$ cat protein18.cif   # mmCIF, C-alpha atoms and all ligand atoms
data_input
loop_
_atom_site.label_atom_id
_atom_site.label_comp_id
_atom_site.auth_asym_id
_atom_site.auth_seq_id
_atom_site.Cartn_x
_atom_site.Cartn_y
_atom_site.Cartn_z
CA MET A 1 108.24 78.68 111.97
CA ALA A 2 107.70 82.41 112.34
CA GLU A 3 108.71 83.16 108.75
CA LYS A 4 106.52 80.33 107.49
CA GLU A 5 103.46 81.79 109.21
CA ALA A 6 104.16 85.19 107.62
CA GLN A 7 104.37 83.75 104.11
CA GLY A 8 101.52 83.65 101.63
CA VAL A 9 99.45 86.26 103.47
CA ASP A 10 97.42 88.67 101.36
CA VAL A 11 98.65 91.78 103.18
CA ARG A 12 96.31 94.17 101.41
CA ALA A 13 93.15 92.16 102.12
CA MET A 14 94.27 91.65 105.72
CA PHE A 15 94.61 95.41 106.38
CA ASP A 16 91.30 96.13 104.68
CA ARG A 17 89.72 93.56 107.01
CA ILE A 18 91.12 94.99 110.26
CA ALA A 19 90.91 98.70 109.27
CA ARG A 20 88.11 99.65 111.67
CA ARG A 21 89.86 98.23 114.74
CA TYR A 22 93.42 99.03 113.61
CA GLN A 23 94.00 102.12 115.77
CA LEU A 24 92.41 100.68 118.92
CA MET A 25 94.57 97.56 118.57
CA ASN A 26 97.71 99.69 118.23
CA ARG A 27 96.93 101.66 121.39
CA LEU A 28 96.25 98.45 123.36
CA MET A 29 99.20 96.41 122.08
CA THR A 30 101.72 99.19 122.70
CA PHE A 31 100.27 100.41 126.03
CA GLY A 32 99.61 103.73 124.29
CA ARG A 33 103.29 104.24 123.36
CA ASP A 34 102.92 104.10 119.57
CA GLY A 35 102.10 107.82 119.36
CA ALA A 36 105.53 108.66 120.81
CA TRP A 37 107.30 106.60 118.13
CA ARG A 38 105.37 108.37 115.39
CA GLN A 39 106.35 111.70 116.98
CA ALA A 40 109.98 110.57 116.74
CA VAL A 41 109.44 109.76 113.05
CA VAL A 42 108.08 113.27 112.43
CA ARG A 43 110.98 114.91 114.31
CA GLU A 44 113.46 112.91 112.24
CA THR A 45 112.00 114.17 108.95
CA ALA A 46 113.37 117.67 109.80
CA LEU A 47 110.52 119.09 107.70
CA ALA A 48 109.89 122.83 107.75
CA ARG A 49 106.78 124.97 107.29
CA GLY A 50 105.04 124.57 103.94
CA GLU A 51 107.10 121.55 102.83
CA ARG A 52 105.79 118.36 101.24
CA LEU A 53 105.67 114.93 102.93
CA LEU A 54 104.96 111.53 101.44
CA ASP A 55 103.80 108.99 104.04
CA VAL A 56 104.04 105.60 102.32
CA ALA A 57 101.78 102.84 103.69
CA SER A 58 99.97 105.60 105.51
CA GLY A 59 97.16 103.26 106.57
CA THR A 60 94.75 105.30 108.68
CA GLY A 61 97.14 108.27 108.54
CA ASP A 62 98.73 108.32 112.02
CA ILE A 63 102.12 109.61 110.85
CA ALA A 64 100.72 112.10 108.31
CA LEU A 65 98.28 113.50 110.88
CA GLU A 66 101.02 113.83 113.50
CA ALA A 67 103.20 115.65 110.96
CA MET A 68 100.37 118.04 110.07
CA ARG A 69 99.84 118.78 113.76
CA LYS A 70 103.53 119.61 114.26
CA ILE A 71 104.49 121.39 111.03
CA GLU A 72 102.62 124.45 109.83
CA GLU A 73 101.15 124.43 106.36
CA LEU A 74 102.59 120.99 105.68
CA ARG A 75 101.28 119.34 102.53
CA ALA A 76 100.98 115.61 103.19
CA VAL A 77 100.27 112.79 100.78
CA GLY A 78 99.19 109.46 102.31
CA ALA A 79 99.74 106.51 99.98
CA ASP A 80 98.61 102.95 100.66
CA PHE A 81 97.29 99.98 98.73
CA ALA A 82 94.53 99.14 101.25
CA THR A 83 91.65 101.45 100.38
CA GLU A 84 89.63 100.58 103.50
CA MET A 85 92.52 101.74 105.73
CA MET A 86 92.57 105.06 103.86
CA ARG A 87 88.78 105.37 104.06
CA VAL A 88 88.99 105.10 107.87
CA GLY A 89 91.88 107.62 107.84
CA ARG A 90 89.99 110.14 105.72
CA ALA A 91 87.06 110.09 108.19
CA ARG A 92 89.32 110.97 111.16
CA PRO A 93 89.55 114.59 112.40
CA GLY A 94 92.02 116.27 110.04
CA GLY A 95 91.99 113.26 107.71
CA GLY A 96 90.34 115.29 104.95
CA LYS A 97 93.45 117.48 104.71
CA ILE A 98 95.67 114.58 103.66
CA ASP A 99 95.92 113.90 99.92
CA TRP A 100 95.14 110.19 99.82
CA CYS A 101 96.51 108.07 97.02
CA ALA A 102 96.02 104.37 96.24
CA ALA A 103 99.52 103.15 95.43
CA ASP A 104 101.93 100.25 95.75
CA ALA A 105 105.04 101.12 97.75
CA LEU A 106 107.15 99.27 95.17
CA ALA A 107 105.92 101.43 92.26
CA LEU A 108 105.11 104.89 93.59
CA PRO A 109 103.12 107.02 91.13
CA PHE A 110 105.14 110.21 91.79
CA PRO A 111 107.87 111.99 89.82
CA ASP A 112 111.50 111.87 90.93
CA ALA A 113 112.51 114.32 93.70
CA SER A 114 108.96 115.48 94.39
CA PHE A 115 108.90 115.38 98.24
CA ASP A 116 110.95 117.03 101.00
CA ALA A 117 110.76 113.86 103.15
CA VAL A 118 109.32 110.35 102.97
CA THR A 119 108.09 108.36 105.96
CA SER A 120 106.76 104.84 106.39
CA GLY A 121 105.32 103.13 109.46
CA TYR A 122 105.27 99.33 109.62
CA LEU A 123 105.64 98.97 105.86
CA ILE A 124 109.05 97.43 105.27
CA ARG A 125 108.32 94.23 107.20
CA ASN A 126 105.41 93.65 104.83
CA VAL A 127 107.08 94.11 101.45
CA PRO A 128 108.75 91.26 99.52
CA ASP A 129 111.78 93.44 98.64
CA ALA A 130 112.85 95.97 101.28
CA GLU A 131 115.70 97.38 99.21
CA ALA A 132 113.36 98.02 96.25
CA ALA A 133 110.95 99.86 98.58
CA PHE A 134 113.77 102.10 99.86
CA ARG A 135 114.98 102.72 96.29
CA GLU A 136 111.49 103.99 95.40
CA GLN A 137 111.48 106.28 98.46
CA LEU A 138 114.95 107.54 97.56
CA ARG A 139 113.79 108.26 94.00
CA VAL A 140 110.85 110.45 95.06
CA VAL A 141 112.60 112.39 97.86
CA LYS A 142 114.59 115.51 96.97
CA PRO A 143 118.40 115.48 97.26
CA GLY A 144 119.21 116.21 100.91
CA GLY A 145 115.73 115.02 101.97
CA ARG A 146 115.22 112.33 104.58
CA VAL A 147 113.67 108.87 104.44
CA VAL A 148 112.38 107.75 107.86
CA CYS A 149 111.20 104.23 108.61
CA LEU A 150 109.40 102.95 111.72
CA ASP A 151 109.04 99.19 112.23
CA THR A 152 109.16 96.40 114.76
CA THR A 153 112.39 94.45 115.24
CA PRO A 154 112.87 90.80 116.20
CA PRO A 155 113.32 90.62 119.99
CA PRO A 156 117.07 90.75 120.66
CA PRO A 157 118.77 88.30 123.05
CA SER A 158 118.22 89.61 126.59
CA LEU A 159 116.73 88.59 129.93
CA LEU A 160 113.43 90.04 128.71
CA ARG A 161 113.33 88.02 125.51
CA PRO A 162 111.20 85.10 126.88
CA PHE A 163 108.62 87.58 128.19
CA ILE A 164 108.58 89.54 124.94
CA LEU A 165 108.14 86.31 122.96
CA PHE A 166 105.31 85.21 125.24
CA TYR A 167 103.61 88.57 124.72
CA LEU A 168 104.10 88.40 120.94
CA ARG A 169 103.04 84.77 120.53
CA HIS A 170 100.14 84.58 122.98
CA ILE A 171 98.85 87.95 124.17
CA ILE A 172 98.84 89.79 120.83
CA PRO A 173 96.93 87.05 118.94
CA LEU A 174 94.47 86.86 121.84
CA LEU A 175 93.90 90.64 121.72
CA GLY A 176 93.55 90.36 117.95
CA ARG A 177 90.80 87.78 118.35
CA LEU A 178 88.95 89.59 121.13
CA VAL A 179 89.27 93.18 119.90
CA ALA A 180 89.64 92.98 116.12
CA GLY A 181 87.87 89.63 115.64
CA ASP A 182 90.88 88.53 113.57
CA ARG A 183 93.44 86.33 115.32
CA GLU A 184 95.18 85.48 112.02
CA ALA A 185 96.10 89.11 111.27
CA TYR A 186 97.86 89.35 114.62
CA VAL A 187 99.55 85.95 114.31
CA TYR A 188 100.94 87.43 111.09
CA LEU A 189 102.17 90.53 112.99
CA THR A 190 104.09 88.31 115.40
CA ALA A 191 105.44 85.97 112.70
CA SER A 192 106.56 88.81 110.44
CA THR A 193 108.24 90.57 113.38
CA GLU A 194 110.16 87.46 114.45
CA GLY A 195 111.23 86.83 110.86
CA PHE A 196 112.24 90.46 110.17
CA LYS A 197 115.70 92.01 109.81
CA SER A 198 117.71 93.17 112.81
CA PRO A 199 118.17 96.96 113.07
CA GLU A 200 121.76 96.55 111.78
CA GLU A 201 120.62 94.51 108.76
CA LEU A 202 117.92 97.05 107.95
CA ALA A 203 120.44 99.90 108.14
CA ARG A 204 122.69 97.98 105.72
CA ILE A 205 119.79 97.51 103.28
CA MET A 206 119.04 101.24 103.45
CA ARG A 207 122.68 102.03 102.64
CA GLU A 208 122.64 99.54 99.76
CA SER A 209 119.55 101.26 98.36
CA GLY A 210 121.63 104.45 98.07
CA LEU A 211 120.69 106.30 101.27
CA THR A 212 123.49 107.92 103.27
CA ALA A 213 124.01 108.99 106.88
CA VAL A 214 121.83 106.05 107.97
CA ARG A 215 121.18 105.86 111.71
CA CYS A 216 118.73 104.14 114.02
CA HIS A 217 116.91 104.84 117.29
CA LEU A 218 115.51 101.98 119.34
CA PHE A 219 112.47 102.07 121.65
CA MET A 220 110.43 99.78 123.93
CA PHE A 221 113.18 97.36 125.10
CA ASN A 222 114.71 97.50 121.60
CA THR A 223 111.61 96.04 119.94
CA MET A 224 110.80 99.17 117.85
CA ALA A 225 113.18 100.95 115.53
CA VAL A 226 113.18 104.28 113.75
CA HIS A 227 115.73 104.31 110.92
CA VAL A 228 116.71 107.52 109.15
CA GLY A 229 118.65 108.00 105.93
CA GLU A 230 119.25 110.85 103.51
CA ARG A 231 119.29 111.17 99.78
CA PRO A 232 122.77 112.35 98.87
CA VAL A 233 123.03 115.86 97.47
CA GLU A 234 124.32 115.51 93.92
CA PRO A 235 127.52 117.43 93.14
C1 LIG B 301 100.65 98.23 109.98
S1 LIG B 301 99.92 99.32 108.83
C2 LIG B 301 100.72 100.86 109.19
C3 LIG B 301 99.88 102.09 108.94
C4 LIG B 301 100.53 103.39 109.38
N1 LIG B 301 101.73 103.64 108.64
C5 LIG B 301 100.81 103.42 110.85
O1 LIG B 301 101.92 103.80 111.24
O2 LIG B 301 99.91 103.11 111.63
C6 LIG B 301 100.78 98.82 107.37
C7 LIG B 301 100.20 99.46 106.15
O3 LIG B 301 101.08 99.16 105.06
C8 LIG B 301 100.28 99.00 103.91
N2 LIG B 301 101.08 98.28 102.92
C9 LIG B 301 101.72 97.10 103.06
N3 LIG B 301 102.37 96.77 101.93
C10 LIG B 301 102.14 97.78 101.06
C11 LIG B 301 102.54 98.03 99.72
N4 LIG B 301 103.31 97.16 99.04
N5 LIG B 301 102.13 99.17 99.13
C12 LIG B 301 101.34 100.05 99.80
N6 LIG B 301 100.92 99.87 101.06
C13 LIG B 301 101.32 98.75 101.69
C14 LIG B 301 99.07 98.24 104.42
O4 LIG B 301 97.98 98.32 103.55
C15 LIG B 301 98.83 98.94 105.76
O5 LIG B 301 97.92 100.00 105.65
#
$ encode --input "protein18.cif" --output "structure tokens" --more "lines below"
Ligand SMILES: C[S@@+](CC[C@H](N)C(=O)[O-])C[C@H]1O[C@@H](n2cnc3c(N)ncnc32)[C@H](O)[C@@H]1O
Amino acid sequence: MAEKEAQGVDVRAMFDRIARRYQLMNRLMTFGRDGAWRQAVVRETALARGERLLDVASGTGDIALEAMRKIEELRAVGADFATEMMRVGRARPGGGKIDWCAADALALPFPDASFDAVTSGYLIRNVPDAEAAFREQLRVVKPGGRVVCLDTTPPPPSLLRPFILFYLRHIIPLLGRLVAGDREAYVYLTASTEGFKSPEELARIMRESGLTAVRCHLFMFNTMAVHVGERPVEP
């Protein structure tokens, strides 16, 4: 059921449609916690002053902006295929300092080994081939550089699961309708989350793409995951 509802959605058009209310919806749905998960993503990049970050599926730039706040003289590229999301991002304070690039995460228009770290927030759940997306990220990150991925996870079995499912299936679509005027986009969020990989499966896919030292941190009753992997240093 959940997977069925997530199928056949034009992801790009959907994000262009909700771009103006995207950030407000995130703050409301996560009780303001989403900023902390993006901070964890930035910490996990281990980027240093003056280095170069690619934030794939940057959307309105939350991760890239957080990274620029934390790391001096960081050069950040924000790539996304939804131009309206990037237009909203560019207009934000600091958004003009990001190099924005219209790009598909499955065919990144960057040379091999051209970034010190690559991040993505809520991308992998939306792509038809997660391993191919990680392979692209591995290709453009330098040897020794990190690939960091933030996404939702299907609610694990626990006493809280019925409450989490109620929140996902009823409250989030209601908020989507009232705040973003787009219930369908938020039904898709729920359906794609329920149909997504477990943290263990996602870690396995990252390893199969060629990343090493893959690990995962879970947040918010294990419903959010930050996965980290590294491009091996060639001998
Ligand atoms: C939920 S938003 C996340 C935005 C931002 N990373 C954040 O943390 O708030 C997902 C973004 O992924 C982008 N996206 C999804 N599939 C993509 C693809 N194949 N190539 C590029 N961008 C993609 C969407 O356009 C959207 O902006």
$ atom_distance --input "protein18.cif" --atom1 "CA of Asp99 in chain A" --atom2 "CA of Arg52 in chain A"
10.9 Å
$ residues_around --input "protein18.cif" --residues "Ser158 in chain A" --least-positions-apart "6" --cutoff "12 Å" --atoms "only C-alpha atoms" --output "list in words"
Ile164, Leu165, Phe221, Asn222 and Thr223 of chain A
$ residues_near_ligand --input "protein18.cif" --ligand "ligand LIG 301 (chain B)" --cutoff "7 Å" --atoms "all atoms listed in the file" --output "short mmCIF file (atom, residue, chain, number, x, y, z; two decimals) with C-alpha atoms, in the frame of the given file"
data_model
loop_
_atom_site.label_atom_id
_atom_site.label_comp_id
_atom_site.auth_asym_id
_atom_site.auth_seq_id
_atom_site.Cartn_x
_atom_site.Cartn_y
_atom_site.Cartn_z
CA VAL A 11 98.65 91.78 103.18
CA ARG A 12 96.31 94.17 101.41
CA PHE A 15 94.61 95.41 106.38
CA VAL A 56 104.04 105.60 102.32
CA ALA A 57 101.78 102.84 103.69
CA SER A 58 99.97 105.60 105.51
CA GLY A 59 97.16 103.26 106.57
CA THR A 60 94.75 105.30 108.68
CA GLY A 61 97.14 108.27 108.54
CA ASP A 62 98.73 108.32 112.02
CA ILE A 63 102.12 109.61 110.85
CA ALA A 79 99.74 106.51 99.98
CA ASP A 80 98.61 102.95 100.66
CA PHE A 81 97.29 99.98 98.73
CA ALA A 82 94.53 99.14 101.25
CA MET A 85 92.52 101.74 105.73
CA ALA A 103 99.52 103.15 95.43
CA ASP A 104 101.93 100.25 95.75
CA ALA A 105 105.04 101.12 97.75
CA LEU A 106 107.15 99.27 95.17
CA SER A 120 106.76 104.84 106.39
CA GLY A 121 105.32 103.13 109.46
CA TYR A 122 105.27 99.33 109.62
CA LEU A 123 105.64 98.97 105.86
CA ASN A 126 105.41 93.65 104.83
CA VAL A 127 107.08 94.11 101.45
#
$ closest_residue --input "protein18.cif" --among "A:Pro232, A:Gly144, A:Pro155, A:Gly78" --to "Asp55 in chain A" --atoms "only C-alpha atoms"
A:Gly78
$ closest_residue --input "protein18.cif" --among "A:Met206, A:Leu174, A:Val42, A:Ile71" --to "Met29 in chain A" --atoms "only C-alpha atoms"
A:Leu174
$ closest_residue --input "protein18.cif" --among "A:Val148, A:Ala130, A:Val141, A:Leu28" --to "Pro111 in chain A" --atoms "only C-alpha atoms"
A:Val141
$ closest_residue --input "protein18.cif" --among "A:Met220, A:Ala19, A:Ala40, A:Met25" --to "Leu178 in chain A" --atoms "only C-alpha atoms"
A:Met25
$ build_atoms --input "protein18.cif" --residues "range 4-29 of chain A" --atoms "N, CA and C atoms" --output "short mmCIF file (atom, residue, chain, number, x, y, z; two decimals), in the frame of the given file"
data_model
loop_
_atom_site.label_atom_id
_atom_site.label_comp_id
_atom_site.auth_asym_id
_atom_site.auth_seq_id
_atom_site.Cartn_x
_atom_site.Cartn_y
_atom_site.Cartn_z
N LYS A 4 107.49 81.13 108.24
CA LYS A 4 106.52 80.33 107.49
C LYS A 4 105.11 80.91 107.69
N GLU A 5 104.80 81.28 108.94
CA GLU A 5 103.46 81.79 109.21
C GLU A 5 103.21 83.14 108.54
N ALA A 6 104.31 83.87 108.25
CA ALA A 6 104.16 85.19 107.62
C ALA A 6 104.06 85.08 106.11
N GLN A 7 104.37 83.89 105.57
CA GLN A 7 104.37 83.75 104.11
C GLN A 7 102.96 83.54 103.58
N GLY A 8 102.77 83.96 102.33
CA GLY A 8 101.52 83.65 101.63
C GLY A 8 100.33 84.42 102.15
N VAL A 9 100.56 85.46 102.95
CA VAL A 9 99.45 86.26 103.47
C VAL A 9 99.12 87.37 102.48
N ASP A 10 97.84 87.56 102.22
CA ASP A 10 97.42 88.67 101.36
C ASP A 10 97.36 89.93 102.24
N VAL A 11 98.47 90.66 102.25
CA VAL A 11 98.65 91.78 103.18
C VAL A 11 97.57 92.84 102.97
N ARG A 12 97.28 93.11 101.71
CA ARG A 12 96.31 94.17 101.41
C ARG A 12 94.92 93.81 101.94
N ALA A 13 94.48 92.59 101.66
CA ALA A 13 93.15 92.16 102.12
C ALA A 13 93.11 92.13 103.64
N MET A 14 94.22 91.74 104.26
CA MET A 14 94.27 91.65 105.72
C MET A 14 94.08 93.04 106.34
N PHE A 15 94.77 94.06 105.79
CA PHE A 15 94.61 95.41 106.38
C PHE A 15 93.23 95.97 106.09
N ASP A 16 92.67 95.67 104.94
CA ASP A 16 91.30 96.13 104.68
C ASP A 16 90.33 95.52 105.70
N ARG A 17 90.59 94.26 106.07
CA ARG A 17 89.72 93.56 107.01
C ARG A 17 89.77 94.16 108.41
N ILE A 18 90.98 94.54 108.85
CA ILE A 18 91.12 94.99 110.26
C ILE A 18 91.06 96.52 110.39
N ALA A 19 90.80 97.23 109.28
CA ALA A 19 90.91 98.70 109.27
C ALA A 19 90.16 99.37 110.42
N ARG A 20 88.93 98.92 110.70
CA ARG A 20 88.11 99.65 111.67
C ARG A 20 88.63 99.51 113.10
N ARG A 21 89.34 98.43 113.37
CA ARG A 21 89.86 98.23 114.74
C ARG A 21 91.37 98.48 114.82
N TYR A 22 91.96 98.91 113.70
CA TYR A 22 93.42 99.03 113.61
C TYR A 22 94.00 99.96 114.70
N GLN A 23 93.42 101.16 114.83
CA GLN A 23 94.00 102.12 115.77
C GLN A 23 93.83 101.67 117.23
N LEU A 24 92.64 101.15 117.55
CA LEU A 24 92.41 100.68 118.92
C LEU A 24 93.40 99.57 119.27
N MET A 25 93.61 98.65 118.33
CA MET A 25 94.57 97.56 118.57
C MET A 25 95.97 98.12 118.82
N ASN A 26 96.38 99.11 118.04
CA ASN A 26 97.71 99.69 118.23
C ASN A 26 97.86 100.28 119.63
N ARG A 27 96.85 101.03 120.06
CA ARG A 27 96.93 101.66 121.39
C ARG A 27 97.05 100.56 122.45
N LEU A 28 96.25 99.51 122.34
CA LEU A 28 96.25 98.45 123.36
C LEU A 28 97.57 97.67 123.35
N MET A 29 98.00 97.27 122.17
CA MET A 29 99.20 96.41 122.08
C MET A 29 100.45 97.12 122.57
#
